[in-house]
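Visitor: I am attaching a structure below and will ask some questions about it afterwards.
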Amino acid sequence: MKELTQEEAFARIRLLRSANIGPVTYRQLIARFGSAQKGLEALPDLAARGSRRDYRPAPANKIASEVEAARAAKARYLFHDSPEYPALLGAIESAPPILTIRGDASLAMKPCVAMVGARNASAAAVKLARDFASGLSKAGYVVVSGLARGIDGACHEGSLPATIGVIASGIDIAYPPQHAKLQEQIAAEGLLIAEQPPGTEPRGRHFPSRNRIIAGLASGTLVVEAAPKSGSLITARLAGEAGREVMAIPGSPLEARSQGCNQLIRDGAVLVQSPEDVAELLSGFDGVPRSSFQETATDYAWEPDEDYDEAAGTAIADLLTTAPVSVDEIIRQSGAAAGTVQMALLELEIAGRLERHAGGRVSLNAA
């Protein structure tokens, strides 16, 4: 990685904060134009070709205020191509291009295990989570969790200082408020990670995004106690989709808070009963996800100097509906070059007309 100038770092933050720019689009723009600065300059024209003529990138003064807020919070930015960026997290399909962090970044480079569970956890499960986290940290693992009430908090407490807290708010917002002291302790002794800009209060849509980071950092995810349809099961699903191990501690079929774990085990998660079970299972993980999304990412690439066929771009837009379809399928049906397809999709997305889905699928925005 060549040294990142302050101007390019600022442009990267501004690019990612601009409307309709997600992780995939961000990577494609930098690959296509060679830098965030050039990608920013191209945004209005790309949006216009996607039928939106009033597009403006994120205001520079707003980004300057964000950077100042990050400094005030004693946080720093971690970019996708930094040597400190965790390799396992970078392997997931929607890896966050920019994180804000406080604490010891090297923890994310060590063997990590995610531990998640119910907010309204039983007393027995809270103690179990704390004991498992302590045992795993003594076995050389860093425990990753989401700083929520219940199981998450117990996992952090049991594994300090070998713990990573991933929050759904900005790096300077303590959530939940009762974990303000724990969050500060993790920032001081472990590692605190946020994807949202400083000052961002947590919203419902931020938690699934937070969960993908928790799952992405770890070679496996352990669910301690969870009801059906809980956020913990979303984290477990994301871990499985990324080719990581999914583990669960079984519980009584009469306890509603155990039904999620029991369902995971029935669906193929590994049943574990001790920290040693977890360590033994993850000891065989070689750092390569079993079903890597790297292959999907290569489908997104194109040669920066490839000619763009605008007529083909219009035809590509006509192939799309609100039903998700893979980019590979669009390339096959259109007969257009991969670069032409990707540029047409970029234009539609920046204009707010395209939505991206897991597995490299896209659709027209239903709104």
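Labels for the structure tokens follow display order: chains A, B, ..., residues from 1 in each chain, ligands from 1.
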Give me every strand (DSSP E) residue in stretch 33-219 of chain A, going by DSSP on the backbone, as a PyMOL selection string.

Guide: chain A and resi 76-79+98-103+112-116+142-145+163-167+191-194

Visitor: Export, as an mmCIF file, in the first residue's frame, the selected residues with N, CA, C and O atoms.

Guide:
data_model
loop_
_atom_site.group_PDB
_atom_site.id
_atom_site.type_symbol
_atom_site.label_atom_id
_atom_site.label_comp_id
_atom_site.auth_asym_id
_atom_site.auth_seq_id
_atom_site.Cartn_x
_atom_site.Cartn_y
_atom_site.Cartn_z
ATOM 1 N N ARG A 76 -9.362 6.986 15.660
ATOM 2 C CA ARG A 76 -8.682 7.150 14.375
ATOM 3 C C ARG A 76 -9.371 6.306 13.320
ATOM 4 O O ARG A 76 -10.123 5.382 13.636
ATOM 5 N N TYR A 77 -9.104 6.653 12.069
ATOM 6 C CA TYR A 77 -9.715 5.942 10.952
ATOM 7 C C TYR A 77 -8.837 4.766 10.527
ATOM 8 O O TYR A 77 -7.604 4.868 10.528
ATOM 9 N N LEU A 78 -9.505 3.679 10.170
ATOM 10 C CA LEU A 78 -8.813 2.508 9.638
ATOM 11 C C LEU A 78 -9.392 2.223 8.258
ATOM 12 O O LEU A 78 -10.588 1.935 8.127
ATOM 13 N N PHE A 79 -8.536 2.324 7.225
ATOM 14 C CA PHE A 79 -8.993 2.161 5.845
ATOM 15 C C PHE A 79 -8.796 0.722 5.357
ATOM 16 O O PHE A 79 -7.949 -0.003 5.881
ATOM 17 N N ILE A 98 -14.162 1.755 5.606
ATOM 18 C CA ILE A 98 -13.576 2.655 6.601
ATOM 19 C C ILE A 98 -14.199 2.364 7.959
ATOM 20 O O ILE A 98 -15.428 2.275 8.075
ATOM 21 N N LEU A 99 -13.352 2.209 8.953
ATOM 22 C CA LEU A 99 -13.804 2.039 10.331
ATOM 23 C C LEU A 99 -13.211 3.148 11.179
ATOM 24 O O LEU A 99 -12.156 3.690 10.839
ATOM 25 N N THR A 100 -13.870 3.484 12.280
ATOM 26 C CA THR A 100 -13.238 4.309 13.299
ATOM 27 C C THR A 100 -12.964 3.406 14.492
ATOM 28 O O THR A 100 -13.811 2.576 14.854
ATOM 29 N N ILE A 101 -11.795 3.546 15.066
ATOM 30 C CA ILE A 101 -11.390 2.640 16.143
ATOM 31 C C ILE A 101 -10.752 3.398 17.297
ATOM 32 O O ILE A 101 -10.203 4.484 17.116
ATOM 33 N N ARG A 102 -10.849 2.793 18.475
ATOM 34 C CA ARG A 102 -10.103 3.227 19.647
ATOM 35 C C ARG A 102 -9.497 1.983 20.282
ATOM 36 O O ARG A 102 -10.168 0.956 20.393
ATOM 37 N N GLY A 103 -8.235 2.065 20.653
ATOM 38 C CA GLY A 103 -7.617 0.939 21.337
ATOM 39 C C GLY A 103 -6.562 0.241 20.501
ATOM 40 O O GLY A 103 -5.965 0.823 19.595
ATOM 41 N N CYS A 112 -9.807 -14.726 16.528
ATOM 42 C CA CYS A 112 -10.984 -14.147 17.170
ATOM 43 C C CYS A 112 -12.166 -15.108 17.128
ATOM 44 O O CYS A 112 -12.340 -15.853 16.163
ATOM 45 N N VAL A 113 -12.973 -15.061 18.165
ATOM 46 C CA VAL A 113 -14.234 -15.796 18.198
ATOM 47 C C VAL A 113 -15.323 -14.815 18.599
ATOM 48 O O VAL A 113 -15.156 -14.026 19.524
ATOM 49 N N ALA A 114 -16.420 -14.816 17.854
ATOM 50 C CA ALA A 114 -17.549 -13.950 18.180
ATOM 51 C C ALA A 114 -18.469 -14.673 19.151
ATOM 52 O O ALA A 114 -18.722 -15.872 19.000
ATOM 53 N N MET A 115 -18.957 -13.951 20.137
ATOM 54 C CA MET A 115 -19.922 -14.493 21.092
ATOM 55 C C MET A 115 -21.106 -13.539 21.179
ATOM 56 O O MET A 115 -20.925 -12.349 21.439
ATOM 57 N N VAL A 116 -22.298 -14.049 20.955
ATOM 58 C CA VAL A 116 -23.502 -13.212 20.950
ATOM 59 C C VAL A 116 -24.629 -13.955 21.662
ATOM 60 O O VAL A 116 -24.558 -15.164 21.871
ATOM 61 N N VAL A 142 -9.313 -13.823 21.071
ATOM 62 C CA VAL A 142 -9.899 -12.519 21.341
ATOM 63 C C VAL A 142 -11.406 -12.661 21.138
ATOM 64 O O VAL A 142 -11.856 -13.182 20.118
ATOM 65 N N VAL A 143 -12.183 -12.232 22.110
ATOM 66 C CA VAL A 143 -13.636 -12.371 22.050
ATOM 67 C C VAL A 143 -14.252 -11.102 21.467
ATOM 68 O O VAL A 143 -13.989 -9.989 21.932
ATOM 69 N N VAL A 144 -15.069 -11.278 20.431
ATOM 70 C CA VAL A 144 -15.735 -10.170 19.740
ATOM 71 C C VAL A 144 -17.221 -10.202 20.079
ATOM 72 O O VAL A 144 -17.851 -11.262 19.995
ATOM 73 N N SER A 145 -17.777 -9.063 20.451
ATOM 74 C CA SER A 145 -19.209 -8.995 20.707
ATOM 75 C C SER A 145 -19.693 -7.571 20.467
ATOM 76 O O SER A 145 -18.920 -6.707 20.047
ATOM 77 N N THR A 163 -10.567 -8.372 24.181
ATOM 78 C CA THR A 163 -11.935 -8.275 23.673
ATOM 79 C C THR A 163 -12.074 -7.128 22.692
ATOM 80 O O THR A 163 -11.369 -6.119 22.789
ATOM 81 N N ILE A 164 -12.998 -7.294 21.751
ATOM 82 C CA ILE A 164 -13.315 -6.266 20.756
ATOM 83 C C ILE A 164 -14.796 -5.977 20.847
ATOM 84 O O ILE A 164 -15.627 -6.880 20.726
ATOM 85 N N GLY A 165 -15.136 -4.706 21.061
ATOM 86 C CA GLY A 165 -16.528 -4.283 21.064
ATOM 87 C C GLY A 165 -16.861 -3.588 19.757
ATOM 88 O O GLY A 165 -16.186 -2.638 19.364
ATOM 89 N N VAL A 166 -17.889 -4.080 19.079
ATOM 90 C CA VAL A 166 -18.337 -3.476 17.822
ATOM 91 C C VAL A 166 -19.689 -2.830 18.086
ATOM 92 O O VAL A 166 -20.639 -3.511 18.482
ATOM 93 N N ILE A 167 -19.769 -1.521 17.898
ATOM 94 C CA ILE A 167 -20.981 -0.791 18.267
ATOM 95 C C ILE A 167 -21.739 -0.307 17.031
ATOM 96 O O ILE A 167 -21.163 -0.112 15.960
ATOM 97 N N LEU A 191 -10.253 -3.186 22.225
ATOM 98 C CA LEU A 191 -10.441 -2.488 20.946
ATOM 99 C C LEU A 191 -11.920 -2.199 20.757
ATOM 100 O O LEU A 191 -12.764 -3.088 20.903
ATOM 101 N N LEU A 192 -12.235 -0.952 20.428
ATOM 102 C CA LEU A 192 -13.596 -0.509 20.150
ATOM 103 C C LEU A 192 -13.678 -0.129 18.675
ATOM 104 O O LEU A 192 -12.834 0.616 18.172
ATOM 105 N N ILE A 193 -14.699 -0.636 17.990
ATOM 106 C CA ILE A 193 -14.855 -0.421 16.551
ATOM 107 C C ILE A 193 -16.246 0.123 16.247
ATOM 108 O O ILE A 193 -17.245 -0.355 16.786
ATOM 109 N N ALA A 194 -16.301 1.126 15.365
ATOM 110 C CA ALA A 194 -17.579 1.648 14.871
ATOM 111 C C ALA A 194 -17.474 1.865 13.367
ATOM 112 O O ALA A 194 -16.428 2.278 12.864
#

Visitor: Could you list, as a list in words, every residue within 10 Å of A:Asn61, counting only C-alpha atoms and ignoring same-chain residues fewer than 5 positions away?

Guide: Arg14, Glu66 and Val67 of chain A

Visitor: Any chance you could export the current selection's N, CA and C atoms as a short mmCIF file (atom, residue, chain, number, x, y, z; two decimals), in the first residue's frame?

Guide:
data_model
loop_
_atom_site.label_atom_id
_atom_site.label_comp_id
_atom_site.auth_asym_id
_atom_site.auth_seq_id
_atom_site.Cartn_x
_atom_site.Cartn_y
_atom_site.Cartn_z
N ARG A 14 -15.21 11.31 2.53
CA ARG A 14 -16.27 12.06 1.85
C ARG A 14 -16.98 11.20 0.81
N GLU A 66 -16.81 15.91 11.00
CA GLU A 66 -16.73 14.51 11.42
C GLU A 66 -15.31 14.15 11.86
N VAL A 67 -14.33 14.56 11.07
CA VAL A 67 -12.93 14.25 11.39
C VAL A 67 -12.54 14.89 12.72
#

Visitor: Write out as a PyMOL selection string each polymer residue whose atoms come within 9 Å of A:Leu233, counting only C-alpha atoms; drop sequence neighbours fewer than 2 positions from it.

Guide: chain A and resi 116-117+223+226-231+235-238+260-261+264

Visitor: Would you mind exporting C-alpha atoms of the selected residues as a CSV table (one decimal), in the first residue's frame?

Guide:
chain,number,residue,atom,x,y,z
A,116,VAL,CA,-23.5,-13.2,21.0
A,117,GLY,CA,-26.8,-13.8,22.7
A,223,VAL,CA,-24.5,-18.2,20.2
A,226,ALA,CA,-31.2,-16.6,21.9
A,227,ALA,CA,-34.9,-16.6,21.1
A,228,PRO,CA,-36.1,-17.3,17.6
A,229,LYS,CA,-35.8,-14.4,15.2
A,230,SER,CA,-33.3,-12.6,17.4
A,231,GLY,CA,-30.4,-10.4,16.2
A,235,THR,CA,-25.0,-12.8,13.2
A,236,ALA,CA,-24.9,-16.6,13.1
A,237,ARG,CA,-26.4,-16.6,9.6
A,238,LEU,CA,-23.9,-14.0,8.4
A,260,GLY,CA,-32.9,-20.0,18.9
A,261,CYS,CA,-29.8,-22.0,19.9
A,264,LEU,CA,-29.3,-23.5,15.1

Visitor: Here is a test: counting only C-alpha atoms, which residue of A:Ile234, A:Ala75, A:Leu160, A:Gly220 is nearest to A:Ser283?

Guide: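 The shortest atom-to-atom distance to A:Ser283 comes from A:Gly220.
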
Visitor: Could you jot down the atom CA of A:Ala60 to atom CA of A:Gly34 separation for me, Å, one decimal place?

Guide: 20.3 Å

Visitor: From the list A:Glu225, A:Glu276, A:Glu195, A:Glu184, which residue is nearest A:Ser169 when using only C-alpha atoms?

Guide: A:Glu195

Visitor: Just asking: which residues within stretch 155-367 of chain A are alpha helix (DSSP H) according to DSSP, as a PyMOL selection string?

Guide: chain A and resi 155-159+180-189+206-217+231-241+259-266+275-282+294-299+310-319+327-334+338-350
